[in-house]
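Pasted below: upload.txt, compact mmCIF, C-alpha atoms and all ligand atoms.
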# COMPACT_ATOMS: atom_id res chain seq x y z
CA MET K 1 -17.30 -6.00 -22.02
CA PHE K 2 -13.69 -6.17 -20.90
CA ILE K 3 -10.89 -5.88 -23.44
CA GLY K 4 -7.21 -6.60 -22.82
CA ILE K 5 -4.41 -5.90 -25.31
CA ASP K 6 -0.67 -6.41 -25.10
CA ASP K 7 2.51 -6.42 -27.14
CA THR K 8 1.51 -4.46 -30.23
CA ASP K 9 4.63 -2.28 -30.31
CA SER K 10 8.09 -2.92 -31.64
CA LEU K 11 11.38 -1.30 -30.74
CA ASP K 12 11.03 1.19 -33.57
CA GLY K 13 7.56 2.42 -32.96
CA MET K 14 3.90 2.15 -31.97
CA CYS K 15 2.70 1.87 -28.47
CA THR K 16 -0.09 -0.27 -27.08
CA THR K 17 -1.35 2.76 -25.14
CA TYR K 18 -1.93 4.65 -28.39
CA LEU K 19 -4.07 1.82 -29.67
CA ALA K 20 -6.04 2.01 -26.40
CA ALA K 21 -6.46 5.79 -26.78
CA LEU K 22 -7.87 5.30 -30.29
CA LEU K 23 -10.26 2.63 -29.01
CA VAL K 24 -11.44 4.85 -26.15
CA GLU K 25 -12.37 7.48 -28.71
CA LYS K 26 -14.05 4.98 -31.01
CA LEU K 27 -15.88 2.86 -28.43
CA GLY K 28 -16.29 5.19 -25.46
CA THR K 29 -15.55 4.02 -21.92
CA THR K 30 -16.89 5.05 -18.56
CA ASN K 31 -13.70 4.41 -16.60
CA TYR K 32 -10.13 5.33 -17.38
CA PRO K 33 -8.40 2.64 -19.42
CA LYS K 34 -5.72 0.78 -17.48
CA LEU K 35 -2.04 0.82 -18.33
CA ILE K 36 -0.56 -2.17 -16.54
CA ARG K 37 3.18 -2.63 -16.31
CA LEU K 38 4.33 -6.21 -16.01
CA ASN K 39 7.50 -7.87 -14.77
CA PRO K 40 10.28 -5.56 -15.98
CA ASN K 41 12.91 -8.31 -15.87
CA ILE K 42 11.44 -10.39 -18.67
CA PRO K 43 13.92 -10.08 -21.54
CA TRP K 44 11.51 -10.44 -24.47
CA LYS K 45 9.41 -7.50 -23.37
CA THR K 46 9.20 -4.68 -25.86
CA ARG K 47 9.99 -1.32 -24.34
CA GLY K 48 8.15 -0.73 -21.12
CA ASN K 49 6.35 -4.05 -20.88
CA GLY K 50 2.96 -2.36 -20.55
CA ALA K 51 -0.39 -3.93 -21.35
CA VAL K 52 -3.74 -2.14 -21.50
CA SER K 53 -7.30 -2.98 -20.64
CA LEU K 54 -10.60 -1.16 -21.00
CA GLU K 55 -14.20 -1.73 -20.17
CA VAL K 56 -16.82 -0.76 -22.73
CA ASP K 57 -20.60 -0.83 -22.69
CA GLY K 58 -22.29 -3.62 -24.53
CA ILE K 59 -21.24 -6.98 -25.83
CA SER K 60 -21.12 -7.38 -29.51
CA ASP K 61 -19.23 -8.91 -32.36
CA LYS K 62 -19.10 -5.41 -33.80
CA ILE K 63 -16.93 -4.21 -30.89
CA LYS K 64 -14.63 -7.22 -31.23
CA GLU K 65 -14.32 -6.58 -34.96
CA ILE K 66 -13.35 -2.95 -34.34
CA VAL K 67 -10.72 -3.90 -31.75
CA LEU K 68 -9.18 -6.66 -33.88
CA GLY K 69 -9.27 -4.38 -36.91
CA TYR K 70 -7.31 -1.71 -35.03
CA VAL K 71 -4.79 -4.27 -33.82
CA ARG K 72 -4.27 -5.55 -37.38
CA GLU K 73 -3.91 -1.99 -38.64
CA TYR K 74 -1.65 -0.52 -35.97
CA ALA K 75 0.26 -3.39 -34.34
CA ARG K 76 3.70 -4.15 -35.70
CA ILE K 77 2.73 -7.67 -36.63
CA ASP K 78 5.38 -7.75 -39.36
CA ASP K 79 8.04 -7.59 -36.61
CA GLU K 80 8.70 -11.15 -35.46
CA ASN K 81 9.41 -9.87 -31.95
CA THR K 82 5.96 -8.33 -31.71
CA ASN K 83 3.51 -10.92 -30.51
CA PRO K 84 0.15 -9.23 -29.95
CA GLY K 85 -2.55 -10.78 -27.84
CA VAL K 86 -6.14 -9.63 -27.40
CA VAL K 87 -8.68 -10.97 -24.93
CA PHE K 88 -12.41 -10.32 -24.60
CA LEU K 89 -14.48 -11.11 -21.55
CA GLU K 90 -18.20 -10.51 -21.65
CA LYS K 91 -18.54 -10.36 -17.92
CA ILE K 92 -16.54 -11.37 -14.89
CA ASN K 93 -18.15 -13.05 -11.89
CA GLN K 94 -16.59 -13.01 -8.44
CA LYS K 95 -14.87 -16.35 -8.79
CA ASN K 96 -13.30 -15.42 -12.12
CA ARG K 97 -12.37 -11.97 -10.79
CA LYS K 98 -10.32 -13.75 -8.13
CA LEU K 99 -8.66 -16.05 -10.67
CA LEU K 100 -7.79 -13.14 -12.93
CA PHE K 101 -6.44 -11.06 -10.06
CA GLY K 102 -4.25 -13.97 -8.99
CA PHE K 103 -2.99 -14.26 -12.54
CA TYR K 104 -2.17 -10.53 -12.66
CA LYS K 105 -0.25 -10.76 -9.38
CA LYS K 106 1.79 -13.62 -10.78
CA THR K 107 2.47 -11.93 -14.11
CA VAL K 108 3.67 -8.69 -12.54
CA SER K 109 6.26 -10.36 -10.33
CA ARG K 110 7.61 -13.42 -12.14
CA LEU K 111 7.86 -15.38 -15.33
CA VAL K 112 4.57 -16.67 -16.74
CA GLU K 113 4.32 -19.02 -19.72
CA ILE K 114 1.76 -18.66 -22.53
CA LYS K 115 0.21 -22.00 -21.59
CA GLU K 116 -0.62 -20.68 -18.12
CA ALA K 117 -2.50 -17.80 -19.74
CA ASP K 118 -4.31 -20.27 -22.02
CA LYS K 119 -5.44 -22.21 -18.98
CA ILE K 120 -6.74 -19.14 -17.13
CA ALA K 121 -8.44 -17.88 -20.30
CA GLU K 122 -10.30 -21.17 -20.56
CA LEU K 123 -11.29 -21.14 -16.89
CA VAL K 124 -12.71 -17.61 -17.01
CA ASN K 125 -14.29 -18.02 -20.43
CA ALA K 126 -12.17 -15.42 -22.17
CA GLU K 127 -12.03 -15.21 -25.94
CA THR K 128 -8.39 -14.96 -26.97
CA HIS K 129 -6.77 -13.79 -30.18
CA LYS K 130 -3.10 -14.43 -30.78
CA PHE K 131 -0.84 -12.92 -33.41
CA ASN K 132 2.60 -14.36 -34.20
CA ASN K 133 3.51 -16.46 -31.14
CA GLY K 134 0.70 -14.79 -29.19
CA ARG K 135 2.70 -14.10 -26.04
CA GLY K 136 0.70 -10.89 -25.69
CA ILE K 137 -2.26 -12.76 -24.27
CA VAL K 138 -0.32 -13.12 -21.01
CA GLY K 139 -0.26 -9.34 -20.52
CA ALA K 140 -3.70 -8.83 -22.05
CA LEU K 141 -5.28 -11.20 -19.53
CA ALA K 142 -3.23 -9.76 -16.65
CA ALA K 143 -4.31 -6.22 -17.58
CA VAL K 144 -7.98 -7.25 -17.38
CA GLY K 145 -7.30 -8.96 -14.05
CA ALA K 146 -5.45 -6.03 -12.47
CA GLU K 147 -7.35 -4.57 -9.55
CA LEU K 148 -5.29 -1.78 -8.10
CA SER K 149 -5.49 -1.11 -4.38
CA ASP K 150 -2.69 1.40 -4.80
CA LYS K 151 -2.63 3.15 -8.14
CA THR K 152 -1.33 6.18 -9.97
CA TYR K 153 -2.35 7.85 -13.21
CA GLU K 154 -0.47 8.81 -16.32
CA LEU K 155 -1.49 11.43 -18.82
CA ILE K 156 -0.02 10.58 -22.19
CA ALA K 157 0.07 13.03 -25.09
CA TYR K 158 0.59 11.65 -28.59
CA ARG K 159 2.29 13.36 -31.51
CA LYS K 160 0.83 13.99 -34.87
CA GLN K 161 1.94 11.40 -37.36
CA GLU K 162 3.75 14.01 -39.45
CA ASN K 163 6.14 14.56 -36.51
CA TYR K 164 7.07 10.91 -36.01
CA GLY K 165 10.82 10.50 -36.00
CA LYS K 166 11.42 14.20 -35.48
CA LYS K 167 13.34 15.60 -32.54
CA ARG K 168 11.28 16.44 -29.49
CA ASP K 169 11.35 20.00 -28.32
CA ILE K 170 9.94 21.17 -25.04
CA ASP K 171 9.74 24.43 -23.14
CA LYS K 172 11.93 23.33 -20.26
CA ASN K 173 10.90 26.23 -18.03
CA SER K 174 7.24 25.28 -18.29
CA VAL K 175 8.10 21.80 -17.02
CA ILE K 176 10.18 23.20 -14.15
CA GLU K 177 7.29 25.47 -13.18
CA MET K 178 4.76 22.65 -13.50
CA ASN K 179 6.97 20.48 -11.28
CA ARG K 180 7.37 23.25 -8.72
CA ILE K 181 3.61 23.62 -8.37
CA THR K 182 2.38 20.03 -8.70
CA TYR K 183 5.18 17.88 -7.18
CA PRO K 184 4.81 15.50 -5.33
CA GLU K 185 1.22 15.08 -6.57
CA THR K 186 2.96 14.56 -9.90
CA PHE K 187 6.33 12.83 -9.81
CA ASP K 188 9.36 11.92 -11.93
CA ASN K 189 9.01 15.02 -14.08
CA ILE K 190 12.65 16.03 -13.74
CA ASP K 191 15.76 14.13 -12.76
CA PRO K 192 17.23 15.95 -9.77
CA GLU K 193 20.75 14.67 -10.47
CA THR K 194 21.01 15.71 -14.13
CA GLY K 195 18.21 18.28 -14.40
CA GLY K 196 16.95 16.27 -17.37
CA ILE K 197 13.30 16.51 -18.36
CA LEU K 198 11.75 13.07 -17.99
CA ILE K 199 8.21 13.70 -19.23
CA ALA K 200 9.39 13.68 -22.85
CA PRO K 201 10.86 10.25 -23.47
CA ARG K 202 13.53 10.05 -26.11
CA GLY K 203 12.67 8.25 -29.33
CA TYR K 204 9.39 6.96 -28.03
CA ASP K 205 6.98 7.64 -30.91
CA PRO K 206 4.09 8.14 -30.88
CA ILE K 207 4.34 9.41 -27.28
CA VAL K 208 5.44 13.00 -26.94
CA TYR K 209 4.83 13.52 -23.21
CA GLY K 210 3.84 11.39 -20.26
CA ILE K 211 3.06 12.96 -16.89
CA ARG K 212 2.63 10.74 -13.83
CA GLY K 213 0.64 11.64 -10.80
CA GLU K 214 -1.70 10.70 -7.99
CA ASN K 215 -5.02 11.57 -9.63
CA PRO K 216 -6.51 12.67 -12.97
CA GLU K 217 -7.22 16.21 -11.71
CA ILE K 218 -3.60 17.01 -10.90
CA LEU K 219 -2.55 15.62 -14.28
CA LYS K 220 -5.00 17.86 -16.10
CA LYS K 221 -3.69 20.82 -14.14
CA ALA K 222 -0.08 19.85 -14.89
CA TRP K 223 -0.84 19.36 -18.56
CA GLY K 224 -2.37 22.84 -18.68
CA MET K 225 0.95 24.25 -17.51
CA ILE K 226 3.13 22.53 -20.10
CA LYS K 227 3.88 24.47 -23.23
CA PRO K 228 4.24 21.88 -25.99
CA LEU K 229 6.35 23.08 -28.89
CA GLU K 230 4.61 20.84 -31.35
CA ASP K 231 0.96 20.07 -32.08
CA VAL K 232 -0.44 17.21 -30.10
CA GLU K 233 -2.80 14.76 -31.75
CA ARG K 234 -4.55 13.53 -28.61
CA VAL K 235 -4.23 13.18 -24.86
CA GLN K 236 -5.33 10.17 -22.84
CA ILE K 237 -5.28 9.54 -19.09
CA PHE K 238 -4.63 5.99 -17.86
CA GLU K 239 -5.10 4.37 -14.48
CA THR K 240 -1.90 2.48 -13.79
CA ASN K 241 0.15 0.35 -11.42
CA GLN K 242 3.23 2.49 -12.11
CA GLY K 243 5.13 3.70 -9.07
CA THR K 244 3.36 1.25 -6.73
CA ASP K 245 5.92 -1.55 -6.19
CA ALA K 246 3.16 -3.96 -7.31
CA HIS K 247 5.86 -6.29 -8.65
CA LEU K 248 7.79 -6.87 -5.42
CA ARG K 249 7.33 -9.90 -3.17
CA ASN K 250 9.03 -10.73 0.13
CA LYS K 251 11.21 -13.77 -0.45
CA LYS K 252 14.17 -15.74 0.85
CA ILE K 253 17.31 -16.07 -1.24
CA SER K 254 17.05 -19.87 -1.34
CA GLY K 255 13.63 -19.59 -3.04
CA LEU K 256 14.59 -17.16 -5.81
CA LYS K 257 13.86 -17.90 -9.46
CA THR K 258 15.16 -16.15 -12.58
CA TYR K 259 13.21 -12.92 -13.36
CA ASP K 260 11.64 -12.73 -9.87
CA CYS K 261 10.90 -9.27 -8.44
CA VAL K 262 11.69 -9.34 -4.76
CA ILE K 263 12.28 -7.76 -1.38
CA LEU K 264 15.10 -9.44 0.57
CA LYS K 265 16.27 -8.77 4.09
CA GLY K 266 19.80 -9.69 5.06
CA TYR K 267 23.36 -8.75 5.83
CA VAL K 268 26.15 -7.57 3.59
CA ASN K 269 28.53 -10.54 3.47
CA ARG K 270 30.90 -9.30 0.79
CA ASN K 271 32.25 -5.77 0.52
CA PRO K 272 31.24 -3.71 -2.54
CA PHE K 273 33.35 -4.16 -5.65
CA VAL K 274 33.32 -2.47 -9.04
CA ILE K 275 32.94 -4.46 -12.23
CA GLU K 276 33.56 -3.48 -15.84
CA GLY K 277 31.26 -0.71 -16.97
CA GLY K 278 31.20 1.02 -13.60
CA HIS K 279 28.57 -1.19 -12.02
CA ILE K 280 28.95 -1.77 -8.27
CA LEU K 281 28.04 -5.02 -6.61
CA PHE K 282 27.99 -6.33 -3.06
CA GLY K 283 27.18 -9.70 -1.57
CA LEU K 284 24.04 -10.23 0.51
CA SER K 285 23.22 -13.16 2.77
CA ASP K 286 19.94 -13.88 4.54
CA GLY K 287 20.91 -17.16 6.15
CA THR K 288 19.25 -19.22 3.41
CA GLY K 289 21.67 -18.27 0.65
CA GLU K 290 23.80 -15.57 -0.91
CA ILE K 291 23.28 -13.23 -3.83
CA ASP K 292 25.12 -10.34 -5.51
CA CYS K 293 23.20 -7.07 -5.53
CA ALA K 294 24.03 -4.53 -8.25
CA GLY K 295 23.82 -0.78 -8.56
CA TYR K 296 24.27 -0.29 -12.28
CA ARG K 297 26.23 2.57 -13.80
CA GLN K 298 22.96 4.11 -15.01
CA THR K 299 21.87 4.57 -11.39
CA GLY K 300 24.36 7.43 -10.91
CA ASN K 301 24.83 8.64 -7.36
CA PHE K 302 22.82 5.73 -5.97
CA ARG K 303 26.07 3.79 -6.41
CA ASP K 304 27.76 5.97 -3.77
CA ILE K 305 25.42 4.47 -1.20
CA ILE K 306 26.13 0.96 -2.44
CA LYS K 307 29.86 1.65 -2.45
CA GLY K 308 29.67 2.79 1.19
CA LEU K 309 28.33 -0.50 2.52
CA VAL K 310 30.54 -2.87 4.49
CA VAL K 311 30.29 -6.48 5.62
CA GLY K 312 27.86 -6.72 8.53
CA ASP K 313 25.51 -3.92 7.46
CA LYS K 314 21.88 -4.93 7.77
CA VAL K 315 19.73 -4.00 4.79
CA ILE K 316 16.50 -4.62 2.90
CA VAL K 317 16.96 -4.69 -0.87
CA TYR K 318 14.29 -4.20 -3.54
CA GLY K 319 14.78 -5.28 -7.12
CA GLY K 320 14.62 -7.82 -9.88
CA LEU K 321 16.61 -10.82 -10.97
CA GLY K 322 18.04 -10.83 -14.43
CA LYS K 323 19.00 -13.76 -16.57
CA TYR K 324 22.06 -14.53 -14.48
CA PRO K 325 20.39 -15.87 -11.40
CA ASN K 326 22.89 -14.56 -8.95
CA THR K 327 22.53 -10.83 -9.49
CA LEU K 328 19.78 -8.65 -8.14
CA ASN K 329 19.25 -5.41 -10.05
CA LEU K 330 18.66 -2.91 -7.24
CA GLU K 331 15.76 -0.47 -7.38
CA LYS K 332 15.86 0.63 -3.76
CA ILE K 333 17.64 -0.16 -0.54
CA LYS K 334 16.77 0.40 3.09
CA ILE K 335 19.71 0.50 5.48
CA LEU K 336 18.58 -0.89 8.81
CA ARG K 337 21.85 -0.98 10.72
CA LEU K 338 25.36 0.20 9.96
CA GLU K 339 28.23 -1.87 11.26
CA LYS K 340 30.64 0.12 13.43
CA LEU K 341 34.06 0.49 11.83
CA PHE K 342 37.23 1.04 13.88
CA LYS K 343 40.81 1.84 13.25
CA ILE K 344 43.59 1.15 15.75
CA GLU K 345 45.63 4.11 16.92
CA PRO K 346 48.85 3.84 18.94
CA PRO K 347 48.57 4.67 22.65
CA LEU K 348 50.17 7.77 24.23
CA CYS K 349 53.55 7.82 25.95
CA CYS K 350 55.58 10.82 27.16
CA SER K 351 52.51 12.88 26.08
CA LYS K 352 53.07 11.83 22.52
CA ARG K 353 51.48 9.19 20.34
CA MET K 354 53.67 6.11 20.10
CA THR K 355 54.58 4.84 16.66
CA SER K 356 53.73 1.51 15.19
CA ALA K 357 56.72 -0.79 15.24
CA GLY K 358 55.37 -2.66 12.24
CA ARG K 359 52.62 -5.10 11.48
CA GLU K 360 51.79 -7.08 14.63
CA LYS K 361 54.94 -5.76 16.27
CA GLY K 362 53.30 -3.42 18.73
CA PHE K 363 54.18 0.18 19.46
CA LYS K 364 57.30 2.08 20.34
CA CYS K 365 57.87 5.43 22.08
CA ARG K 366 60.37 7.53 20.24
CA LYS K 367 61.23 9.54 23.34
CA CYS K 368 61.78 6.94 26.08
CA GLY K 369 62.05 3.82 23.97
CA LYS K 370 59.22 2.02 25.74
CA ARG K 371 57.54 -0.81 23.85
CA LEU K 372 53.95 -2.00 24.11
CA SER K 373 52.21 -4.93 22.42
CA ASP K 374 49.37 -4.55 19.91
CA LYS K 375 46.70 -5.08 22.55
CA PHE K 376 47.43 -1.60 23.88
CA GLY K 377 46.24 -0.04 20.66
CA ILE K 378 43.30 2.34 20.99
CA ALA K 379 40.26 1.55 18.88
CA LYS K 380 38.83 4.65 17.25
CA GLU K 381 35.51 4.59 15.49
CA ILE K 382 35.57 5.65 11.85
CA PRO K 383 32.49 7.70 10.96
CA ARG K 384 30.47 5.89 8.28
CA GLY K 385 29.18 9.09 6.72
CA MET K 386 25.89 7.39 5.91
CA LYS K 387 22.45 7.47 7.44
CA LEU K 388 19.94 4.72 8.04
CA GLY K 389 16.85 4.72 5.85
CA PHE K 390 15.71 4.41 2.27
CA TYR K 391 17.70 5.18 -0.84
CA ASP K 392 16.45 4.74 -4.38
CA VAL K 393 17.78 5.02 -7.90
CA PRO K 394 17.29 8.40 -9.65
CA PRO K 395 14.05 8.82 -11.63
CA ARG K 396 15.85 8.47 -14.97
CA ALA K 397 16.91 4.94 -14.03
CA ARG K 398 13.71 3.94 -12.28
CA ARG K 399 11.56 1.01 -13.38
CA HIS K 400 8.01 2.04 -14.25
CA LEU K 401 6.70 -0.13 -11.42
CA SER K 402 9.11 1.06 -8.73
CA MET K 403 7.64 3.24 -6.05
CA PRO K 404 9.51 6.53 -5.73
CA LEU K 405 10.39 7.35 -2.11
CA VAL K 406 8.15 10.40 -2.32
CA ARG K 407 5.12 8.09 -2.67
CA MET K 408 5.98 5.94 0.32
CA GLY K 409 3.69 6.28 3.25
CA ARG K 410 0.88 7.66 1.08
CA ASN K 411 -2.56 6.14 1.61
CA GLY K 412 -0.99 3.81 4.16
CA VAL K 413 1.14 2.40 1.39
CA CYS K 414 4.58 1.20 2.31
CA SER K 415 6.57 -1.57 0.79
CA ALA K 416 8.95 -1.88 3.71
ZN ZN O 1 57.64 7.29 26.36
As structure tokens, please, write out the structure in this file.
Amino acid sequence: MFIGIDDTDSLDGMCTTYLAALLVEKLGTTNYPKLIRLNPNIPWKTRGNGAVSLEVDGISDKIKEIVLGYVREYARIDDENTNPGVVFLEKINQKNRKLLFGFYKKTVSRLVEIKEADKIAELVNAETHKFNNGRGIVGALAAVGAELSDKTYELIAYRKQENYGKKRDIDKNSVIEMNRITYPETFDNIDPETGGILIAPRGYDPIVYGIRGENPEILKKAWGMIKPLEDVERVQIFETNQGTDAHLRNKKISGLKTYDCVILKGYVNRNPFVIEGGHILFGLSDGTGEIDCAGYRQTGNFRDIIKGLVVGDKVIVYGGLGKYPNTLNLEKIKILRLEKLFKIEPPLCCSKRMTSAGREKGFKCRKCGKRLSDKFGIAKEIPRGMKLGFYDVPPRARRHLSMPLVRMGRNGVCSA
């Protein structure tokens, strides 16, 4: 039987993955449970917008009772912003597999309404259980439908309940050493810009560590190298769509909708400008329309790349649309062509550089008094100081779904 669960956590605690880890222990599964990240631009998501699914042996009301009992016990149903959804599917034939996969692909990259999930649930004969407004069935159904051609794994360690709310402490050197040995088979352990440890998320009870990597074996090895400074209640490995760019779709600007996750190819048509808060934006055109692309303050040095762009540069941008339809939140950029920039220098006369006689007034030789018009100016190329290629936001600002550059080209995977 297939089980999908979503939206059991609230901003102050719980985590749908923990519920899945408890169910794995209780029910037993043959495969790794799936942790499926969904469209990160949806504003009513809880923290990471992750849903889970698992496949267990047998079909019984007893299993359903256990799952629903755990959801009632652990989900933050009292929080009106927590809208759990649970789905059960006894089996999935090929036709329904296709429908569910299509639904997953939609849910990961754009806005999906509850009624669309209801319709798919009916078509594939899924039993649905909604709590509060029940929005969680969207993610629950998508998590069951997710078939991952490219995938990564995450090992999540959970704290003991007595440590909830307490400060996290970690042996930083053990993480640095783990990273040195297992990177890039594991990734996003440390932020290279700040040196910050990223495997211990701040204020994320009940999670104490999460290590991401290419396969379960490397995660087990990495976990063995970490020296936790507190007792860990349990560890669970998930198969996941994190770091795969599963959310991005090639689109044209004219066809964009709010909350879309997209790849756009175009030209810079407005020079970068800084807005309040230190965010840097530039205008992009692809011939069908125009959009502002933003490197937010949180993206650190990534903004230096954005700041260096000029009108005419040819780029591919990767990111998501927020509530204000005309801003793309950048996750990555590929610079395809840099416009040549020139400055005009005065020509030589009497073996000296002439001086500018003023704006549009030509040049004048100080020695012999000769005058020349502006057209005699010598164009000199200004070095751009930038290289073509990919640039992405630092790991600390990365969306769960965004593929780190270090993963590109793996297994024939490339989102370019
Ligand atoms: Zn002269």
Å distance separating atom CA of K:Lys252 from atom CA of K:Leu264, one decimal place: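 Interatomic distance here is 6.4 Å.
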Protein and nucleic residues near ligand ZN 1 (chain O), 8 Å, all atoms listed in the file, as a ChimeraX atom specification: /K:348-352,354,364-370
Go ahead and save the residues from that selection, with C-alpha atoms, as a tab-separated table (two decimals), in the frame of the given file.
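Resulting contents of selection30.tsv:
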chain	number	residue	atom	x	y	z
K	348	LEU	CA	50.17	7.77	24.23
K	349	CYS	CA	53.55	7.82	25.95
K	350	CYS	CA	55.58	10.82	27.16
K	351	SER	CA	52.51	12.88	26.08
K	352	LYS	CA	53.07	11.83	22.52
K	354	MET	CA	53.67	6.11	20.10
K	364	LYS	CA	57.30	2.08	20.34
K	365	CYS	CA	57.87	5.43	22.08
K	366	ARG	CA	60.37	7.53	20.24
K	367	LYS	CA	61.23	9.54	23.34
K	368	CYS	CA	61.78	6.94	26.08
K	369	GLY	CA	62.05	3.82	23.97
K	370	LYS	CA	59.22	2.02	25.74
Between atom CA of K:Leu219 and atom CA of K:Ile156, distance in Å (one decimal):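 These atoms are spaced 9.7 Å apart.
Using only C-alpha atoms for every distance, the candidate list K:Asp9, K:Arg337, K:Glu113, K:Tyr153 yields K:Tyr153 as the residue closest to K:Lys34.
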For the point (-8.2, -20.8, -14.5) in the file's frame, write as a short mmCIF file (atom, residue, chain, number, x, y, z; two decimals) with C-alpha atoms, in the frame of the given file all residues with an atom no more than 10 Å away, counting all atoms listed in the file.
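What landed in out-v3.cif:
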data_model
loop_
_atom_site.label_atom_id
_atom_site.label_comp_id
_atom_site.auth_asym_id
_atom_site.auth_seq_id
_atom_site.Cartn_x
_atom_site.Cartn_y
_atom_site.Cartn_z
CA LYS K 95 -14.87 -16.35 -8.79
CA ASN K 96 -13.30 -15.42 -12.12
CA LYS K 98 -10.32 -13.75 -8.13
CA LEU K 99 -8.66 -16.05 -10.67
CA LEU K 100 -7.79 -13.14 -12.93
CA GLY K 102 -4.25 -13.97 -8.99
CA PHE K 103 -2.99 -14.26 -12.54
CA GLU K 116 -0.62 -20.68 -18.12
CA ALA K 117 -2.50 -17.80 -19.74
CA ASP K 118 -4.31 -20.27 -22.02
CA LYS K 119 -5.44 -22.21 -18.98
CA ILE K 120 -6.74 -19.14 -17.13
CA ALA K 121 -8.44 -17.88 -20.30
CA GLU K 122 -10.30 -21.17 -20.56
CA LEU K 123 -11.29 -21.14 -16.89
CA VAL K 124 -12.71 -17.61 -17.01
CA ASN K 125 -14.29 -18.02 -20.43
#
Shell around K:Gly85 at 6 Å using all atoms listed in the file, local window under 2 positions removed, as an MDAnalysis selection string: chainID K and resid 5:6 129:130 134 136:137
For the interface of stretch 98-194 of chain K with stretch 224-229 of chain K (cut-off 10 Å, counting only C-alpha atoms), please tabulate each contacting residue of stretch 98-194 of chain K alongside its nearest pair of atoms and their separation in Å to one decimal, rows sorted by chain and increasing number, as a tab-separated table.
residue	atom	partner	partner_atom	distance
K:Ala157	CA	K:Pro228	CA	9.8
K:Arg168	CA	K:Leu229	CA	8.3
K:Asp169	CA	K:Leu229	CA	5.9
K:Ile170	CA	K:Leu229	CA	5.6
K:Asp171	CA	K:Lys227	CA	5.9
K:Lys172	CA	K:Lys227	CA	8.7
K:Asn173	CA	K:Ile226	CA	8.9
K:Ser174	CA	K:Ile226	CA	5.3
K:Val175	CA	K:Ile226	CA	5.9
K:Ile176	CA	K:Ile226	CA	9.2
K:Glu177	CA	K:Met225	CA	7.8
K:Met178	CA	K:Met225	CA	5.8
K:Asn179	CA	K:Met225	CA	9.4
K:Ile181	CA	K:Met225	CA	9.5
K:Thr182	CA	K:Met225	CA	9.9
Go ahead and save the picked residues with C-alpha atoms, as a PDB file, in the frame of the given file.
ATOM      1  CA  ALA K 157       0.070  13.030 -25.090  1.00  0.00           C
ATOM      2  CA  ARG K 168      11.280  16.440 -29.490  1.00  0.00           C
ATOM      3  CA  ASP K 169      11.350  20.000 -28.320  1.00  0.00           C
ATOM      4  CA  ILE K 170       9.940  21.170 -25.040  1.00  0.00           C
ATOM      5  CA  ASP K 171       9.740  24.430 -23.140  1.00  0.00           C
ATOM      6  CA  LYS K 172      11.930  23.330 -20.260  1.00  0.00           C
ATOM      7  CA  ASN K 173      10.900  26.230 -18.030  1.00  0.00           C
ATOM      8  CA  SER K 174       7.240  25.280 -18.290  1.00  0.00           C
ATOM      9  CA  VAL K 175       8.100  21.800 -17.020  1.00  0.00           C
ATOM     10  CA  ILE K 176      10.180  23.200 -14.150  1.00  0.00           C
ATOM     11  CA  GLU K 177       7.290  25.470 -13.180  1.00  0.00           C
ATOM     12  CA  MET K 178       4.760  22.650 -13.500  1.00  0.00           C
ATOM     13  CA  ASN K 179       6.970  20.480 -11.280  1.00  0.00           C
ATOM     14  CA  ILE K 181       3.610  23.620  -8.370  1.00  0.00           C
ATOM     15  CA  THR K 182       2.380  20.030  -8.700  1.00  0.00           C
TER      16      THR K 182
END
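With all atoms listed in the file as the basis for measurement, K:Asn41 is the residue among K:Asn41, K:Val56, K:Ser373, K:Tyr209 that approaches K:Leu330 most closely.
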Shortest interatomic distance to K:Gly283 - which of K:Asn301, K:Gln236, K:Asn269, K:Thr30, counting all atoms listed in the file: K:Asn269
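Of the listed residues K:Glu25, K:Glu73, K:Glu127, K:Asp260, the one whose atoms come nearest to K:Leu54 is K:Glu25, with distances taken using all atoms listed in the file.
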One-decimal distance in Å that lies between atom CA of K:Asp191 and atom CA of K:Ala146: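 These atoms are spaced 29.3 Å apart.
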K:Leu405 environment, 12 Å, all atoms listed in the file, sequence neighbours closer than 6 positions dropped, as number ranges by chain: K: 184, 187-188, 243-245, 331-334, 389-395, 398, 413-416
Would you export the selected residues with C-alpha atoms as a JSON list (two decimals), keeping the file's coordinate frame, please?
[["chain", "number", "residue", "atom", "x", "y", "z"],
["K", 184, "PRO", "CA", 4.81, 15.50, -5.33],
["K", 187, "PHE", "CA", 6.33, 12.83, -9.81],
["K", 188, "ASP", "CA", 9.36, 11.92, -11.93],
["K", 243, "GLY", "CA", 5.13, 3.70, -9.07],
["K", 244, "THR", "CA", 3.36, 1.25, -6.73],
["K", 245, "ASP", "CA", 5.92, -1.55, -6.19],
["K", 331, "GLU", "CA", 15.76, -0.47, -7.38],
["K", 332, "LYS", "CA", 15.86, 0.63, -3.76],
["K", 333, "ILE", "CA", 17.64, -0.16, -0.54],
["K", 334, "LYS", "CA", 16.77, 0.40, 3.09],
["K", 389, "GLY", "CA", 16.85, 4.72, 5.85],
["K", 390, "PHE", "CA", 15.71, 4.41, 2.27],
["K", 391, "TYR", "CA", 17.70, 5.18, -0.84],
["K", 392, "ASP", "CA", 16.45, 4.74, -4.38],
["K", 393, "VAL", "CA", 17.78, 5.02, -7.90],
["K", 394, "PRO", "CA", 17.29, 8.40, -9.65],
["K", 395, "PRO", "CA", 14.05, 8.82, -11.63],
["K", 398, "ARG", "CA", 13.71, 3.94, -12.28],
["K", 413, "VAL", "CA", 1.14, 2.40, 1.39],
["K", 414, "CYS", "CA", 4.58, 1.20, 2.31],
["K", 415, "SER", "CA", 6.57, -1.57, 0.79],
["K", 416, "ALA", "CA", 8.95, -1.88, 3.71]]
